[in-house]
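Chemist: Handing you a structure now.
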Amino acid sequence: MSVTGDSVSEGASGAGSGLGAYLRLLRLPGAAPLALWGVIGRAPIAMRSISCLLLVSAETGSLTDAGLVAAAMLLAQGTVSPVLGRTADRYSQRRVLLTACAAHVLGMTMLLVSIVLEAPLPVMIIAAVATGCTSVSFTSFMRARWAVMVDQGMLRTAYALESMLDDTIFLLGPLLVTVLSTAVHPAASLVACALLTLTGSIAVALHRQSEPTPEPTVGRGPERAIKVPGVRVLMLCYAGMGFQFGAVDVTMIAFAREQSSPGLSGVFLALISVGSLIAGVAYGAVDWRLSQARLLSVTTCVLTLGVVPLAFAGSSLMMCFLAVLAGVAISPGLIAGSTLLESVCPKGALSEGFSWLTSAGALSIATGTAVGGRLTDAFGSAAGAWAGVGGGCVALALSLVGQPVLSTRRPVTEATSELAVQEQ
């Protein structure tokens, strides 16, 4: 590790707990700029699909076409994201970020032109796939960078900060999309997404202090993250949680419709993020005595139990309170999962490992949305809530069964051992 990296780690050691931990984290050299540019680079995550839906529906008048185009983009991103993470681990994040952001802007331009010119649906879908394939998992890259910036004692706070910023983005992103699409032009929000991705990617790529160093190899490529049992268990846990998130989103929309107040669906979804944000701040400020593996089981249990009351909501006011309750364990669960991933994944495969978690969560959110939508259409909003409980139960069961592998520390490869000897 470089001298700069060592000094940062030492500064982070023993940072303690409490809300002041966030200030101590941001005072570390280079930490505040990294957090800022990370927010700018991943803001489009909460904007891109909604922007696509609004623009396609505005230009074609078809919500079906809009849904197909947005889904194609999301599925392509979820599929290719681990490949980009793997490439970053092998050749450096900087190269991948700079190359991908240029290709992404080109793909986004193709998508914008095809939609505005009302090209045939297959053309729009191809452009959407190109856009998705060039979208790096910015959240994954950022978490890998924080693992370089700080030591283990400060890492929980760093991941808590990331979750807080994610929640803030998902609170403000849809609002920004609505303002740009209605007050400026339906295409303005997609243009903003391209500019934000370009700016954030370049700035983070040039933040050399936090860049993970590609793992040195001895006669072979770096170890694959997907081959580590702990990573696979975490992927399945994230899939269960993602399914729950998708089903709960549909539940909120269906409940608002049942109350003859469809506009409240946005309020309910925002309140889930509020609960997650508040809980994330508190979770990251506490110096927990339980192991991260046990904390994952505790948080997934709370996450599952928090969704059960949604099936019994009797009024919009009650649902507002229950929505906050349902979001309380989201950030803590994801923080525990991120911290575990850092401990079980090979050091030279963190970008790939985090990308696998992101993809597993994203694809299962789509599945949960689809299943929840069918159930709510047939049996009402309560059925969607119970589907979400089912996803949470899967995550909880896997976190319990997987305790042995989740408690195993990162494997030490031959290359890593050789590097350690050289440093000594």
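Residue numbering restarts at 1 for every chain of the structure tokens, chains are lettered A, B, ... in their displayed order, and ligands are numbered from 1 as they appear.
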Quick one: residues within 6 Å of range 140-146 of chain A, only C-alpha atoms, excluding same-chain residues fewer than 5 positions away - as a PyMOL selection string?
Modeler: chain A and resi 210-211+350-351+354-355
Chemist: I need the chosen residues saved as a compact mmCIF listing (two decimals), in the first residue's frame, with all heavy atoms.
Modeler:
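As written to disk, again-v4.txt reads:
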```
# COMPACT_ATOMS: atom_id res chain seq x y z
N SER A 210 -7.78 7.04 -3.83
CA SER A 210 -8.70 5.98 -3.41
C SER A 210 -8.77 4.82 -4.38
O SER A 210 -9.50 3.86 -4.13
CB SER A 210 -10.11 6.57 -3.24
OG SER A 210 -10.61 7.02 -4.49
N GLU A 211 -8.02 4.87 -5.46
CA GLU A 211 -8.16 3.82 -6.48
C GLU A 211 -7.59 2.49 -6.01
O GLU A 211 -6.43 2.42 -5.59
CB GLU A 211 -7.48 4.24 -7.78
CG GLU A 211 -7.67 3.21 -8.88
CD GLU A 211 -7.09 3.67 -10.20
OE1 GLU A 211 -6.31 4.64 -10.20
OE2 GLU A 211 -7.40 3.06 -11.22
N LEU A 350 -12.67 -6.71 -5.27
CA LEU A 350 -13.74 -6.01 -4.57
C LEU A 350 -14.72 -5.34 -5.54
O LEU A 350 -15.93 -5.35 -5.31
CB LEU A 350 -13.15 -4.96 -3.62
CG LEU A 350 -12.54 -5.50 -2.33
CD1 LEU A 350 -11.92 -4.35 -1.52
CD2 LEU A 350 -13.59 -6.22 -1.49
N SER A 351 -14.23 -4.74 -6.59
CA SER A 351 -15.14 -4.09 -7.55
C SER A 351 -16.10 -5.10 -8.16
O SER A 351 -17.30 -4.85 -8.28
CB SER A 351 -14.34 -3.39 -8.66
OG SER A 351 -13.52 -2.37 -8.15
N PHE A 354 -18.66 -6.34 -5.26
CA PHE A 354 -19.74 -5.39 -5.01
C PHE A 354 -20.69 -5.32 -6.20
O PHE A 354 -21.90 -5.11 -6.04
CB PHE A 354 -19.18 -4.01 -4.70
CG PHE A 354 -18.69 -3.86 -3.28
CD1 PHE A 354 -17.35 -3.62 -3.01
CD2 PHE A 354 -19.56 -3.96 -2.21
CE1 PHE A 354 -16.89 -3.49 -1.71
CE2 PHE A 354 -19.12 -3.83 -0.90
CZ PHE A 354 -17.78 -3.59 -0.65
N SER A 355 -20.15 -5.47 -7.41
CA SER A 355 -21.00 -5.45 -8.60
C SER A 355 -21.96 -6.63 -8.63
O SER A 355 -23.11 -6.52 -9.04
CB SER A 355 -20.14 -5.43 -9.88
OG SER A 355 -19.38 -4.24 -9.97
```
Chemist: Could you name the residues that touch Gly230 in chain A at 7 Å or less, counting only C-alpha atoms, but leaving out those on the same chain fewer than 4 positions away, as a ChimeraX atom specification?
Modeler: /A:234,344,405-406
Chemist: Restricting it to N, CA, C and O atoms, dump the selection as a short mmCIF file (atom, residue, chain, number, x, y, z; two decimals), in the first residue's frame.
Modeler:
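What landed in part_21.cif:
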```
data_model
loop_
_atom_site.label_atom_id
_atom_site.label_comp_id
_atom_site.auth_asym_id
_atom_site.auth_seq_id
_atom_site.Cartn_x
_atom_site.Cartn_y
_atom_site.Cartn_z
N LEU A 234 -23.96 -13.94 0.12
CA LEU A 234 -24.39 -12.55 0.17
C LEU A 234 -25.23 -12.18 -1.05
O LEU A 234 -26.21 -11.43 -0.95
N VAL A 344 -14.89 -10.88 3.22
CA VAL A 344 -14.80 -12.25 2.67
C VAL A 344 -14.28 -12.29 1.24
O VAL A 344 -13.80 -13.33 0.78
N VAL A 405 -19.65 -19.47 6.51
CA VAL A 405 -18.85 -18.88 5.42
C VAL A 405 -18.80 -17.36 5.53
O VAL A 405 -17.83 -16.72 5.11
N LEU A 406 -19.85 -16.75 6.08
CA LEU A 406 -19.85 -15.30 6.24
C LEU A 406 -18.89 -14.85 7.32
O LEU A 406 -18.46 -13.69 7.34
#
```
Chemist: Could you state the separation of CA of Val150 in chain A and CA of Phe138 in chain A in Å, given to one decimal place?
Modeler: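 Separating CA of Val150 in chain A from CA of Phe138 in chain A is a distance of 18.5 Å.
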Chemist: For range 266-275 of chain A, list every protein, DNA or RNA residue within 9 Å, evaluated using only C-alpha atoms, and leave out those in the same chain fewer than 2 positions away; present the list as number ranges by chain.
Modeler: A: 167-168, 170-171, 248-249, 252-253, 256, 262-264, 277-280, 316, 319-331
Chemist: Among range 82-283 of chain A, which ones does DSSP place in helix (DSSP H, G or I), written as a ChimeraX atom specification?
Modeler: /A:82-91,93-116,121-133,138-149,152-184,188-205,208-210,225-227,229-258,264-283
Chemist: State, in Å with one decimal place, the distance from CA of Gln93 in chain A to CA of Lys227 in chain A.
Modeler: 21.0 Å
